[in-house]
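> Next up, entry.json (JSON, C-alpha atoms).
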[["chain", "number", "residue", "atom", "x", "y", "z"],
["A", 1, "MET", "CA", 13.13, 28.31, -0.62],
["A", 2, "PRO", "CA", 12.22, 24.93, -2.14],
["A", 3, "ALA", "CA", 9.33, 22.99, -0.66],
["A", 4, "ARG", "CA", 10.43, 20.44, 1.92],
["A", 5, "ILE", "CA", 9.16, 16.92, 1.27],
["A", 6, "GLY", "CA", 9.57, 14.36, 4.04],
["A", 7, "VAL", "CA", 10.51, 10.79, 3.08],
["A", 8, "VAL", "CA", 9.80, 8.26, 5.82],
["A", 9, "THR", "CA", 12.10, 5.32, 6.53],
["A", 10, "PHE", "CA", 10.63, 2.27, 8.28],
["A", 11, "PRO", "CA", 12.67, -0.83, 9.13],
["A", 12, "GLY", "CA", 12.73, -2.66, 5.79],
["A", 13, "THR", "CA", 12.03, 0.35, 3.59],
["A", 14, "LEU", "CA", 14.02, 0.05, 0.35],
["A", 15, "ASP", "CA", 13.17, 2.99, -1.86],
["A", 16, "ASP", "CA", 13.64, 5.94, 0.50],
["A", 17, "ARG", "CA", 16.88, 7.00, -1.19],
["A", 18, "ASP", "CA", 15.28, 6.89, -4.64],
["A", 19, "ALA", "CA", 12.24, 8.81, -3.39],
["A", 20, "ALA", "CA", 14.50, 11.48, -1.88],
["A", 21, "ARG", "CA", 16.41, 11.70, -5.17],
["A", 22, "ALA", "CA", 13.15, 12.07, -7.07],
["A", 23, "VAL", "CA", 12.09, 14.94, -4.83],
["A", 24, "GLY", "CA", 15.40, 16.65, -5.56],
["A", 25, "ALA", "CA", 15.14, 15.99, -9.29],
["A", 26, "ALA", "CA", 11.76, 17.72, -9.31],
["A", 27, "GLY", "CA", 13.19, 20.77, -7.52],
["A", 28, "GLY", "CA", 12.15, 20.06, -3.93],
["A", 29, "GLU", "CA", 14.21, 19.51, -0.83],
["A", 30, "ALA", "CA", 13.99, 15.98, 0.59],
["A", 31, "VAL", "CA", 13.92, 15.63, 4.36],
["A", 32, "GLY", "CA", 14.57, 12.19, 5.82],
["A", 33, "LEU", "CA", 12.00, 11.21, 8.48],
["A", 34, "TRP", "CA", 12.36, 8.26, 10.86],
["A", 35, "HIS", "CA", 9.46, 5.95, 11.71],
["A", 36, "GLY", "CA", 10.21, 6.09, 15.43],
["A", 37, "ASP", "CA", 10.16, 9.90, 15.60],
["A", 38, "ALA", "CA", 6.68, 11.46, 15.72],
["A", 39, "ASP", "CA", 8.09, 14.86, 14.66],
["A", 40, "LEU", "CA", 7.47, 15.77, 11.01],
["A", 41, "HIS", "CA", 10.21, 18.44, 11.25],
["A", 42, "GLY", "CA", 8.09, 21.08, 9.55],
["A", 43, "VAL", "CA", 7.85, 19.38, 6.15],
["A", 44, "ASP", "CA", 5.25, 20.51, 3.59],
["A", 45, "ALA", "CA", 4.38, 17.01, 2.33],
["A", 46, "VAL", "CA", 5.24, 13.39, 3.10],
["A", 47, "VAL", "CA", 6.20, 10.39, 0.94],
["A", 48, "LEU", "CA", 5.88, 6.85, 2.31],
["A", 49, "PRO", "CA", 8.24, 4.92, 0.01],
["A", 50, "GLY", "CA", 8.28, 1.30, -1.09],
["A", 51, "GLY", "CA", 9.99, -1.73, 0.35],
["A", 52, "PHE", "CA", 9.10, -4.48, 2.76],
["A", 53, "SER", "CA", 8.61, -2.69, 6.06],
["A", 54, "TYR", "CA", 8.89, -5.14, 8.96],
["A", 55, "GLY", "CA", 9.46, -7.83, 6.34],
["A", 56, "ASP", "CA", 5.77, -7.59, 5.35],
["A", 57, "TYR", "CA", 5.20, -9.98, 8.25],
["A", 58, "LEU", "CA", 1.55, -10.27, 9.32],
["A", 59, "ARG", "CA", 0.32, -8.22, 6.32],
["A", 60, "ALA", "CA", 2.09, -5.70, 4.09],
["A", 61, "GLY", "CA", 2.16, -2.37, 5.94],
["A", 62, "ALA", "CA", 0.30, -3.71, 8.96],
["A", 63, "ILE", "CA", 2.97, -3.11, 11.59],
["A", 64, "SER", "CA", 4.30, 0.17, 10.15],
["A", 65, "ARG", "CA", 0.84, 1.60, 10.52],
["A", 66, "PHE", "CA", 1.43, 1.73, 14.30],
["A", 67, "ALA", "CA", 4.82, 3.53, 14.07],
["A", 68, "PRO", "CA", 4.99, 6.77, 16.09],
["A", 69, "ILE", "CA", 5.36, 8.88, 12.93],
["A", 70, "MET", "CA", 2.11, 7.55, 11.48],
["A", 71, "ASP", "CA", -0.06, 9.37, 14.07],
["A", 72, "SER", "CA", 1.55, 12.61, 12.92],
["A", 73, "VAL", "CA", 1.15, 11.70, 9.25],
["A", 74, "VAL", "CA", -2.55, 10.88, 9.76],
["A", 75, "ASP", "CA", -3.16, 14.18, 11.62],
["A", 76, "ALA", "CA", -1.30, 16.14, 8.92],
["A", 77, "ALA", "CA", -3.16, 14.33, 6.11],
["A", 78, "ASN", "CA", -6.50, 15.06, 7.77],
["A", 79, "GLY", "CA", -5.41, 18.70, 7.91],
["A", 80, "GLY", "CA", -4.77, 18.70, 4.15],
["A", 81, "MET", "CA", -1.04, 18.00, 3.90],
["A", 82, "PRO", "CA", -0.14, 16.11, 0.70],
["A", 83, "VAL", "CA", 0.80, 12.50, 1.46],
["A", 84, "LEU", "CA", 1.94, 9.97, -1.16],
["A", 85, "GLY", "CA", 2.26, 6.23, -0.57],
["A", 86, "ILE", "CA", 4.22, 4.22, -3.12],
["A", 87, "CYS", "CA", 3.91, 0.41, -3.15],
["A", 88, "ASN", "CA", 4.55, -0.59, 0.49],
["A", 89, "GLY", "CA", 3.71, 3.03, 1.39],
["A", 90, "PHE", "CA", 0.33, 2.58, -0.37],
["A", 91, "GLN", "CA", -0.21, -0.54, 1.73],
["A", 92, "VAL", "CA", 0.58, 1.44, 4.89],
["A", 93, "LEU", "CA", -1.95, 4.13, 3.87],
["A", 94, "THR", "CA", -4.70, 1.51, 3.47],
["A", 95, "GLU", "CA", -3.81, -0.17, 6.76],
["A", 96, "VAL", "CA", -4.03, 3.19, 8.55],
["A", 97, "HIS", "CA", -7.37, 3.87, 6.78],
["A", 98, "LEU", "CA", -6.30, 7.04, 4.99],
["A", 99, "LEU", "CA", -7.19, 5.24, 1.75],
["A", 100, "PRO", "CA", -9.87, 2.57, 1.16],
["A", 101, "GLY", "CA", -9.31, -1.03, 0.13],
["A", 102, "SER", "CA", -6.31, -3.25, 0.66],
["A", 103, "MET", "CA", -3.65, -5.20, -1.21],
["A", 104, "ILE", "CA", -3.41, -8.98, -1.29],
["A", 105, "LYS", "CA", -0.97, -11.33, -3.01],
["A", 106, "ASN", "CA", -0.76, -11.03, -6.82],
["A", 107, "ASP", "CA", -3.37, -13.28, -8.44],
["A", 108, "HIS", "CA", -0.61, -15.23, -10.26],
["A", 109, "LEU", "CA", 1.36, -15.58, -6.96],
["A", 110, "HIS", "CA", 4.64, -14.41, -8.50],
["A", 111, "PHE", "CA", 6.73, -11.35, -7.78],
["A", 112, "VAL", "CA", 6.37, -9.06, -10.78],
["A", 113, "CYS", "CA", 8.89, -6.48, -12.05],
["A", 114, "ARG", "CA", 8.16, -4.67, -15.32],
["A", 115, "ASP", "CA", 7.79, -1.30, -16.99],
["A", 116, "GLN", "CA", 4.08, -0.62, -16.63],
["A", 117, "VAL", "CA", 1.82, 1.69, -18.61],
["A", 118, "LEU", "CA", -0.70, 3.63, -16.50],
["A", 119, "ARG", "CA", -3.47, 6.06, -17.37],
["A", 120, "VAL", "CA", -3.90, 9.16, -15.22],
["A", 121, "GLU", "CA", -7.59, 9.05, -14.31],
["A", 122, "ASN", "CA", -7.67, 12.08, -12.02],
["A", 123, "ALA", "CA", -5.40, 15.04, -12.78],
["A", 124, "HIS", "CA", -6.68, 17.16, -9.89],
["A", 125, "THR", "CA", -4.99, 15.56, -6.91],
["A", 126, "ALA", "CA", -1.98, 17.06, -5.13],
["A", 127, "TRP", "CA", 0.20, 14.39, -6.76],
["A", 128, "THR", "CA", -1.22, 14.30, -10.33],
["A", 129, "GLY", "CA", -1.86, 17.96, -11.24],
["A", 130, "ALA", "CA", 1.14, 18.15, -13.60],
["A", 131, "PHE", "CA", -0.34, 15.41, -15.81],
["A", 132, "ALA", "CA", -3.08, 15.76, -18.39],
["A", 133, "LEU", "CA", -6.27, 13.82, -17.78],
["A", 134, "GLU", "CA", -6.02, 10.38, -19.44],
["A", 135, "GLN", "CA", -2.30, 10.88, -20.10],
["A", 136, "GLU", "CA", -0.52, 7.56, -20.38],
["A", 137, "ILE", "CA", 2.74, 7.22, -18.48],
["A", 138, "THR", "CA", 5.26, 4.37, -18.11],
["A", 139, "ILE", "CA", 6.93, 3.68, -14.76],
["A", 140, "PRO", "CA", 8.38, 0.55, -13.13],
["A", 141, "LEU", "CA", 6.19, -1.82, -11.15],
["A", 142, "LYS", "CA", 7.62, -4.37, -8.72],
["A", 143, "ASN", "CA", 5.58, -6.14, -6.11],
["A", 144, "GLN", "CA", 4.44, -9.36, -4.53],
["A", 145, "ASP", "CA", 1.30, -8.15, -2.74],
["A", 146, "GLY", "CA", -0.04, -5.77, -5.36],
["A", 147, "GLN", "CA", -3.57, -6.98, -6.02],
["A", 148, "TYR", "CA", -5.84, -4.08, -5.08],
["A", 149, "VAL", "CA", -9.10, -5.25, -3.56],
["A", 150, "ALA", "CA", -12.14, -3.55, -2.04],
["A", 151, "ASP", "CA", -15.82, -4.46, -1.82],
["A", 152, "GLU", "CA", -18.03, -3.64, -4.82],
["A", 153, "HIS", "CA", -19.74, -0.77, -3.00],
["A", 154, "THR", "CA", -16.39, 0.89, -2.25],
["A", 155, "LEU", "CA", -15.22, 0.36, -5.83],
["A", 156, "ASP", "CA", -18.43, 1.91, -7.21],
["A", 157, "GLU", "CA", -17.99, 4.87, -4.87],
["A", 158, "LEU", "CA", -14.35, 5.35, -5.93],
["A", 159, "GLU", "CA", -15.37, 5.34, -9.60],
["A", 160, "ALA", "CA", -18.32, 7.68, -9.07],
["A", 161, "GLU", "CA", -16.24, 10.19, -7.11],
["A", 162, "GLY", "CA", -13.32, 10.12, -9.55],
["A", 163, "ARG", "CA", -11.04, 8.71, -6.91],
["A", 164, "VAL", "CA", -9.26, 6.19, -9.11],
["A", 165, "ALA", "CA", -6.03, 8.16, -9.65],
["A", 166, "PHE", "CA", -4.19, 5.69, -11.92],
["A", 167, "ARG", "CA", -5.34, 2.64, -13.88],
["A", 168, "TYR", "CA", -3.26, -0.12, -15.48],
["A", 169, "VAL", "CA", -3.32, 0.01, -19.28],
["A", 170, "GLY", "CA", -2.86, -2.94, -21.63],
["A", 171, "HIS", "CA", -2.06, -5.48, -18.97],
["A", 172, "ASN", "CA", -3.30, -5.92, -15.41],
["A", 173, "PRO", "CA", -0.11, -7.13, -13.72],
["A", 174, "ASN", "CA", -1.53, -8.40, -10.42],
["A", 175, "GLY", "CA", -5.28, -8.95, -10.71],
["A", 176, "SER", "CA", -6.23, -5.61, -9.16],
["A", 177, "ARG", "CA", -9.96, -4.93, -9.15],
["A", 178, "ARG", "CA", -11.03, -2.80, -12.11],
["A", 179, "ASP", "CA", -7.37, -2.38, -13.16],
["A", 180, "ILE", "CA", -6.84, 0.09, -10.31],
["A", 181, "ALA", "CA", -3.18, 1.07, -9.85],
["A", 182, "GLY", "CA", -3.70, 4.03, -7.53],
["A", 183, "VAL", "CA", -6.43, 5.83, -5.59],
["A", 184, "THR", "CA", -6.91, 9.15, -3.81],
["A", 185, "ASN", "CA", -8.90, 10.30, -0.80],
["A", 186, "LYS", "CA", -11.92, 12.61, -1.21],
["A", 187, "ARG", "CA", -9.88, 15.75, -0.68],
["A", 188, "GLY", "CA", -7.23, 14.74, -3.21],
["A", 189, "ASN", "CA", -4.26, 15.35, -0.91],
["A", 190, "VAL", "CA", -3.59, 11.67, -0.13],
["A", 191, "VAL", "CA", -2.64, 9.39, -3.04],
["A", 192, "GLY", "CA", -1.40, 5.81, -3.05],
["A", 193, "LEU", "CA", -0.15, 3.81, -6.01],
["A", 194, "MET", "CA", 1.48, 0.43, -6.50],
["A", 195, "PRO", "CA", 3.99, 1.28, -9.31],
["A", 196, "HIS", "CA", 7.10, 3.38, -8.64],
["A", 197, "PRO", "CA", 7.28, 6.93, -10.05],
["A", 198, "GLU", "CA", 10.53, 7.54, -8.12],
["A", 199, "HIS", "CA", 12.31, 5.01, -10.35],
["A", 200, "ALA", "CA", 11.53, 7.00, -13.51],
["A", 201, "VAL", "CA", 12.89, 10.49, -12.91],
["A", 202, "GLU", "CA", 16.34, 10.55, -14.50],
["A", 203, "PRO", "CA", 17.32, 9.91, -18.14],
["A", 204, "GLY", "CA", 19.48, 6.81, -18.27],
["A", 205, "TYR", "CA", 17.82, 5.08, -15.34],
["A", 206, "GLY", "CA", 14.12, 4.91, -16.19],
["A", 207, "PRO", "CA", 11.96, 2.62, -18.34],
["A", 208, "ASP", "CA", 12.80, 1.99, -22.00],
["A", 209, "SER", "CA", 10.98, 4.01, -24.61],
["A", 210, "ALA", "CA", 10.61, 3.32, -28.33],
["A", 211, "GLU", "CA", 13.34, 5.83, -29.15],
["A", 212, "TYR", "CA", 15.91, 5.35, -26.41],
["A", 213, "GLY", "CA", 16.73, 2.76, -23.77],
["A", 214, "ARG", "CA", 16.17, 3.75, -20.12],
["A", 215, "ARG", "CA", 15.12, 7.28, -21.03],
["A", 216, "GLY", "CA", 11.70, 7.34, -19.37],
["A", 217, "THR", "CA", 11.16, 10.09, -16.80],
["A", 218, "ASP", "CA", 7.36, 9.96, -16.55],
["A", 219, "GLY", "CA", 7.52, 9.53, -12.78],
["A", 220, "LEU", "CA", 8.87, 13.04, -12.36],
["A", 221, "GLY", "CA", 5.35, 14.43, -12.92],
["A", 222, "VAL", "CA", 4.19, 13.00, -9.59],
["A", 223, "PHE", "CA", 6.80, 14.98, -7.67],
["A", 224, "ALA", "CA", 6.44, 18.07, -9.88],
["A", 225, "SER", "CA", 2.69, 17.92, -9.15],
["A", 226, "VAL", "CA", 3.09, 18.22, -5.40],
["A", 227, "LEU", "CA", 5.55, 21.11, -5.73],
["A", 228, "ASP", "CA", 3.05, 22.94, -7.99],
["A", 229, "SER", "CA", 0.25, 22.14, -5.56],
["A", 230, "LEU", "CA", 2.19, 23.47, -2.56],
["A", 231, "LEU", "CA", 3.08, 26.64, -4.45],
["A", 232, "ALA", "CA", -0.56, 27.18, -5.47],
["A", 233, "ASN", "CA", -1.71, 26.80, -1.86],
["A", 234, "ALA", "CA", 1.13, 28.87, -0.33],
["B", 1, "MET", "CA", 0.79, -21.75, 30.31],
["B", 2, "PRO", "CA", -2.63, -21.10, 28.81],
["B", 3, "THR", "CA", -2.81, -19.86, 25.25],
["B", 4, "ILE", "CA", -5.36, -17.69, 23.51],
["B", 5, "VAL", "CA", -5.80, -18.80, 19.92],
["B", 6, "VAL", "CA", -6.92, -16.27, 17.31],
["B", 7, "ASP", "CA", -8.03, -17.61, 13.93],
["B", 8, "VAL", "CA", -8.17, -15.21, 10.99],
["B", 9, "MET", "CA", -9.53, -16.11, 7.52],
["B", 10, "PRO", "CA", -9.75, -14.17, 4.27],
["B", 11, "LYS", "CA", -13.29, -12.87, 3.75],
["B", 12, "PRO", "CA", -15.41, -15.22, 1.61],
["B", 13, "GLU", "CA", -15.79, -12.62, -1.17],
["B", 14, "ILE", "CA", -12.02, -12.01, -1.37],
["B", 15, "LEU", "CA", -10.19, -14.30, -3.76],
["B", 16, "ASP", "CA", -7.53, -16.20, -1.83],
["B", 17, "PRO", "CA", -4.55, -16.65, -4.20],
["B", 18, "GLN", "CA", -2.63, -18.78, -1.69],
["B", 19, "GLY", "CA", -5.57, -21.09, -1.07],
["B", 20, "LYS", "CA", -6.08, -21.40, -4.83],
["B", 21, "ALA", "CA", -2.43, -22.40, -5.32],
["B", 22, "VAL", "CA", -2.63, -25.00, -2.57],
["B", 23, "GLY", "CA", -5.94, -26.26, -3.97],
["B", 24, "ALA", "CA", -4.36, -26.73, -7.39],
["B", 25, "ALA", "CA", -1.40, -28.60, -5.89],
["B", 26, "LEU", "CA", -3.52, -31.18, -4.02],
["B", 27, "PRO", "CA", -4.72, -33.26, -7.00],
["B", 28, "ARG", "CA", -1.25, -33.05, -8.59],
["B", 29, "LEU", "CA", 0.02, -34.90, -5.51],
["B", 30, "GLY", "CA", -2.79, -37.42, -5.62],
["B", 31, "PHE", "CA", -4.96, -35.91, -2.85],
["B", 32, "GLU", "CA", -8.43, -36.18, -4.36],
["B", 33, "GLY", "CA", -11.88, -35.12, -3.27],
["B", 34, "PHE", "CA", -11.30, -31.52, -2.14],
["B", 35, "ALA", "CA", -13.41, -28.87, -3.84],
["B", 36, "GLN", "CA", -11.65, -25.79, -2.49],
["B", 37, "VAL", "CA", -8.88, -24.63, -0.17],
["B", 38, "ARG", "CA", -8.83, -21.37, 1.76],
["B", 39, "GLN", "CA", -5.73, -20.42, 3.71],
["B", 40, "GLY", "CA", -5.92, -18.39, 6.92],
["B", 41, "LYS", "CA", -3.76, -17.53, 9.89],
["B", 42, "ARG", "CA", -3.62, -18.88, 13.43],
["B", 43, "PHE", "CA", -2.06, -16.77, 16.20],
["B", 44, "GLU", "CA", -1.16, -18.27, 19.58],
["B", 45, "LEU", "CA", -0.96, -15.68, 22.35],
["B", 46, "THR", "CA", 0.61, -17.27, 25.41],
["B", 47, "VAL", "CA", -0.51, -15.78, 28.72],
["B", 48, "HIS", "CA", 1.42, -15.44, 31.96],
["B", 49, "GLY", "CA", -0.83, -16.82, 34.69],
["B", 50, "GLU", "CA", -4.53, -17.22, 34.11],
["B", 51, "VAL", "CA", -6.67, -15.89, 31.30],
["B", 52, "THR", "CA", -8.79, -13.20, 32.90],
["B", 53, "ASP", "CA", -11.68, -11.43, 31.18],
["B", 54, "GLU", "CA", -9.39, -8.41, 30.78],
["B", 55, "VAL", "CA", -6.72, -10.44, 29.00],
["B", 56, "LEU", "CA", -9.29, -12.07, 26.74],
["B", 57, "GLU", "CA", -10.72, -8.64, 25.94],
["B", 58, "GLN", "CA", -7.21, -7.41, 25.07],
["B", 59, "ALA", "CA", -6.79, -10.38, 22.74],
["B", 60, "ARG", "CA", -10.12, -9.62, 21.05],
["B", 61, "LYS", "CA", -9.09, -6.00, 20.54],
["B", 62, "ALA", "CA", -5.67, -7.02, 19.21],
["B", 63, "ALA", "CA", -7.39, -9.46, 16.84],
["B", 64, "GLN", "CA", -9.52, -6.66, 15.38],
["B", 65, "THR", "CA", -6.84, -3.95, 15.20],
["B", 66, "LEU", "CA", -3.48, -5.60, 14.51],
["B", 67, "LEU", "CA", -3.94, -9.30, 13.77],
["B", 68, "SER", "CA", -6.57, -8.82, 11.07],
["B", 69, "ASN", "CA", -7.51, -6.22, 8.47],
["B", 70, "PRO", "CA", -11.33, -5.97, 8.37],
["B", 71, "VAL", "CA", -11.23, -4.96, 4.70],
["B", 72, "ILE", "CA", -9.96, -8.38, 3.63],
["B", 73, "GLU", "CA", -10.17, -10.68, 6.67],
["B", 74, "ASP", "CA", -12.55, -11.94, 9.36],
["B", 75, "VAL", "CA", -11.60, -12.96, 12.89],
["B", 76, "VAL", "CA", -13.42, -16.29, 13.01],
["B", 77, "SER", "CA", -12.52, -17.30, 16.55],
["B", 78, "VAL", "CA", -10.78, -16.12, 19.73],
["B", 79, "HIS", "CA", -10.62, -18.96, 22.24],
["B", 80, "VAL", "CA", -8.53, -20.30, 25.12],
["B", 81, "GLU", "CA", -6.52, -23.50, 24.89],
["B", 82, "ASP", "CA", -4.85, -24.97, 27.97],
["B", 83, "ALA", "CA", -1.36, -26.24, 27.44]]
Reformat the file's structure so that it appears as structure tokens.


Amino acid sequence: MPARIGVVTFPGTLDDRDAARAVGAAGGEAVGLWHGDADLHGVDAVVLPGGFSYGDYLRAGAISRFAPIMDSVVDAANGGMPVLGICNGFQVLTEVHLLPGSMIKNDHLHFVCRDQVLRVENAHTAWTGAFALEQEITIPLKNQDGQYVADEHTLDELEAEGRVAFRYVGHNPNGSRRDIAGVTNKRGNVVGLMPHPEHAVEPGYGPDSAEYGRRGTDGLGVFASVLDSLLANA
Amino acid sequence: MPTIVVDVMPKPEILDPQGKAVGAALPRLGFEGFAQVRQGKRFELTVHGEVTDEVLEQARKAAQTLLSNPVIEDVVSVHVEDA
């Protein structure tokens, strides 16, 4: 039986369908979860997808953090369940304090949408195990409030503990501190990242590569990682 | 009706991209003499009846939990304004 990966929909979520498709492309079974329902329906892992939940009013992710499902997600994450936050989902994970730091408006103040090169800085999390350490991957990035910030002490701690999961390579697209694109918690089961692996899982629809247009499927590794991780811990 | 006003500002050590943009626009429009702009948020919580200690305490708690994110923002004031 394939692993069941929950994909949460908040009001204003945009990328839940793509995230569910990515789970399927990696060989998992996607289970739609609703923000107002505290029941995780027996899933093995949870993805908080991107979008503009509650219109990003107040702060990105700030209102979603209080959705009924988030209490269940926090309990499950503290119990070791793999949880991934992509873009707005990453913002929700920081607002609910599962991950440190926060996101503010891009330093250049513009919405940015580009194919972004990242370096995998920790290949031992539940969501990065299928990558090689320091592997460079290309996946789409699209955000308005993507500038990762935290105080210097927190940043030093993240670096020292190997908790920077992904770093921007070549170009820092939003002014994030120390080029951080994604971080993990101490246990490695909770990961958040600003760029979108779920948009790079099918040939024909992903980022351009040198050889072919739209062929990039580097994002698939994120979803393959969690399936491997669940199997290893079964 | 009385109103509780909550003022939230970005922490001093956090760069404020919005404030920077506004600060850059001022001299372009001929407004001179300002060294820096920081942009925050003002919330007006209107109260039914009078502002009791309990209501004020609720507002303080809301300011810390929902209205601000302590990682990037400070609640600089929670005060009552009579309409």

> Restricting the calculation to only C-alpha atoms: of A:Ser176, A:Ser53, A:Gln135, A:Thr13, which residue gets closest to chain B?

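Ranked by minimum distance to chain B, first place goes to A:Ser176.
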
> For chain B, list the residues within 12 Å of chain A, counting all atoms listed in the file, and write the list as a list in words.

Val8, Pro10, Lys11, Pro12, Glu13, Ile14, Leu15, Asp16, Pro17, Gln18, Gly19, Lys20, Ala21, Val22, Gly40, Lys41, Arg42, Phe43, Ala63, Thr65, Leu66, Leu67, Ser68, Asn69, Pro70, Val71, Ile72 and Glu73 of chain B

> First collect every listed atom of range 86-100 of chain A; then fit an axis-aligned box around them, widen it by 8 Å on each side, and give centre and edge lengths in Å to one decimal, as lines of an AutoDock Vina configuration file.


center_x = -2.7
center_y = 3.2
center_z = 2.7
size_x = 30.4
size_y = 23.6
size_z = 27.7

> Find the spatial neighbours of range 4-10 of chain A, counting only C-alpha atoms, within a cut-off of 6 Å - ignore same-chain residues fewer than 3 positions away - and output them as a PyMOL selection string.

chain A and resi 13+29-35+43-48+53

> Just give me the gap between CA of Leu98 in chain A and CA of Gly51 in chain A in Å, one decimal is fine.

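Taking CA of Leu98 in chain A as the start and CA of Gly51 in chain A as the end point, the length is 19.1 Å.
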
> Need the shell around range 54-57 of chain B: protein/DNA/RNA residues with any atom at most 12 Å away, counting all atoms listed in the file. Skip same-chain ones fewer than 2 positions apart. Format as a PyMOL selection string?

chain B and resi 2-6+45-52+59-64+77-81

> Need the shell around Ala130 in chain A: protein/DNA/RNA residues with any atom at most 8 Å away, counting only C-alpha atoms. Skip same-chain ones fewer than 6 positions apart. Format as a list in words?

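In the requested format, the answer is Ala123, Gly221, Val222, Ala224, Ser225 and Asp228 of chain A.
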
> Between A:Ile137, A:Ala200, A:Ala25, A:Val226, which has the minimum distance to Val83 in chain A (counting only C-alpha atoms)?

A:Val226

> Could you tell me which of A:Val117, A:Gly27, A:Val96, A:Leu193 comes closest to Ala181 in chain A if we count all atoms listed in the file?

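Checking each candidate against Ala181 in chain A, we get A:Leu193 as the closest.
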
> Would you pick out the contacts of Thr217 in chain A at 7 Å or less, using only C-alpha atoms, so that residues sharing its chain but fewer than 4 positions from it are not included, and give the list as a list of chain:residue names?

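Within the cut-off, the hits are A:Ala200, A:Val201, A:Glu202, A:Pro203, A:Gly206.
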
> Using C-alpha atoms, can you export the residues from the last selection as a PDB file, keeping the file's coordinate frame?


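To be explicit, this is the file written out as out-v3.pdb:
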ATOM      1  CA  ALA A 200      11.530   7.000 -13.510  1.00  0.00           C
ATOM      2  CA  VAL A 201      12.890  10.490 -12.910  1.00  0.00           C
ATOM      3  CA  GLU A 202      16.340  10.550 -14.500  1.00  0.00           C
ATOM      4  CA  PRO A 203      17.320   9.910 -18.140  1.00  0.00           C
ATOM      5  CA  GLY A 206      14.120   4.910 -16.190  1.00  0.00           C
TER       6      GLY A 206
END

> Since the input lacks atoms, please generate N, CA and C atoms for range 34-48 of chain B and provide them as a PDB file, keeping the file's coordinate frame.


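Contents of part05.pdb, freshly written:
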ATOM      1  N   PHE B  34     -11.149 -32.832  -2.790  1.00  0.00           N
ATOM      2  CA  PHE B  34     -11.300 -31.520  -2.140  1.00  0.00           C
ATOM      3  C   PHE B  34     -11.741 -30.491  -3.173  1.00  0.00           C
ATOM      4  N   ALA B  35     -12.851 -29.811  -2.867  1.00  0.00           N
ATOM      5  CA  ALA B  35     -13.410 -28.870  -3.840  1.00  0.00           C
ATOM      6  C   ALA B  35     -12.681 -27.532  -3.796  1.00  0.00           C
ATOM      7  N   GLN B  36     -12.210 -27.138  -2.636  1.00  0.00           N
ATOM      8  CA  GLN B  36     -11.650 -25.790  -2.490  1.00  0.00           C
ATOM      9  C   GLN B  36     -10.740 -25.728  -1.277  1.00  0.00           C
ATOM     10  N   VAL B  37      -9.740 -24.879  -1.336  1.00  0.00           N
ATOM     11  CA  VAL B  37      -8.880 -24.630  -0.170  1.00  0.00           C
ATOM     12  C   VAL B  37      -8.869 -23.136   0.104  1.00  0.00           C
ATOM     13  N   ARG B  38      -9.042 -22.766   1.359  1.00  0.00           N
ATOM     14  CA  ARG B  38      -8.830 -21.370   1.760  1.00  0.00           C
ATOM     15  C   ARG B  38      -7.787 -21.382   2.866  1.00  0.00           C
ATOM     16  N   GLN B  39      -6.834 -20.451   2.758  1.00  0.00           N
ATOM     17  CA  GLN B  39      -5.730 -20.420   3.710  1.00  0.00           C
ATOM     18  C   GLN B  39      -5.860 -19.217   4.629  1.00  0.00           C
ATOM     19  N   GLY B  40      -5.835 -19.477   5.946  1.00  0.00           N
ATOM     20  CA  GLY B  40      -5.920 -18.390   6.920  1.00  0.00           C
ATOM     21  C   GLY B  40      -4.716 -18.350   7.819  1.00  0.00           C
ATOM     22  N   LYS B  41      -4.869 -17.673   8.950  1.00  0.00           N
ATOM     23  CA  LYS B  41      -3.760 -17.530   9.890  1.00  0.00           C
ATOM     24  C   LYS B  41      -4.225 -17.913  11.286  1.00  0.00           C
ATOM     25  N   ARG B  42      -3.341 -18.550  12.045  1.00  0.00           N
ATOM     26  CA  ARG B  42      -3.620 -18.880  13.430  1.00  0.00           C
ATOM     27  C   ARG B  42      -2.542 -18.209  14.287  1.00  0.00           C
ATOM     28  N   PHE B  43      -2.987 -17.414  15.268  1.00  0.00           N
ATOM     29  CA  PHE B  43      -2.060 -16.770  16.200  1.00  0.00           C
ATOM     30  C   PHE B  43      -2.226 -17.429  17.566  1.00  0.00           C
ATOM     31  N   GLU B  44      -1.116 -17.722  18.221  1.00  0.00           N
ATOM     32  CA  GLU B  44      -1.160 -18.270  19.580  1.00  0.00           C
ATOM     33  C   GLU B  44      -0.569 -17.246  20.524  1.00  0.00           C
ATOM     34  N   LEU B  45      -1.404 -16.678  21.385  1.00  0.00           N
ATOM     35  CA  LEU B  45      -0.960 -15.680  22.350  1.00  0.00           C
ATOM     36  C   LEU B  45      -0.837 -16.361  23.708  1.00  0.00           C
ATOM     37  N   THR B  46       0.392 -16.597  24.134  1.00  0.00           N
ATOM     38  CA  THR B  46       0.610 -17.270  25.410  1.00  0.00           C
ATOM     39  C   THR B  46       0.478 -16.271  26.555  1.00  0.00           C
ATOM     40  N   VAL B  47      -0.188 -16.688  27.617  1.00  0.00           N
ATOM     41  CA  VAL B  47      -0.510 -15.780  28.720  1.00  0.00           C
ATOM     42  C   VAL B  47       0.267 -16.187  29.976  1.00  0.00           C
ATOM     43  N   HIS B  48       0.846 -15.186  30.640  1.00  0.00           N
ATOM     44  CA  HIS B  48       1.420 -15.440  31.960  1.00  0.00           C
ATOM     45  C   HIS B  48       0.278 -15.579  32.956  1.00  0.00           C
TER      46      HIS B  48
END
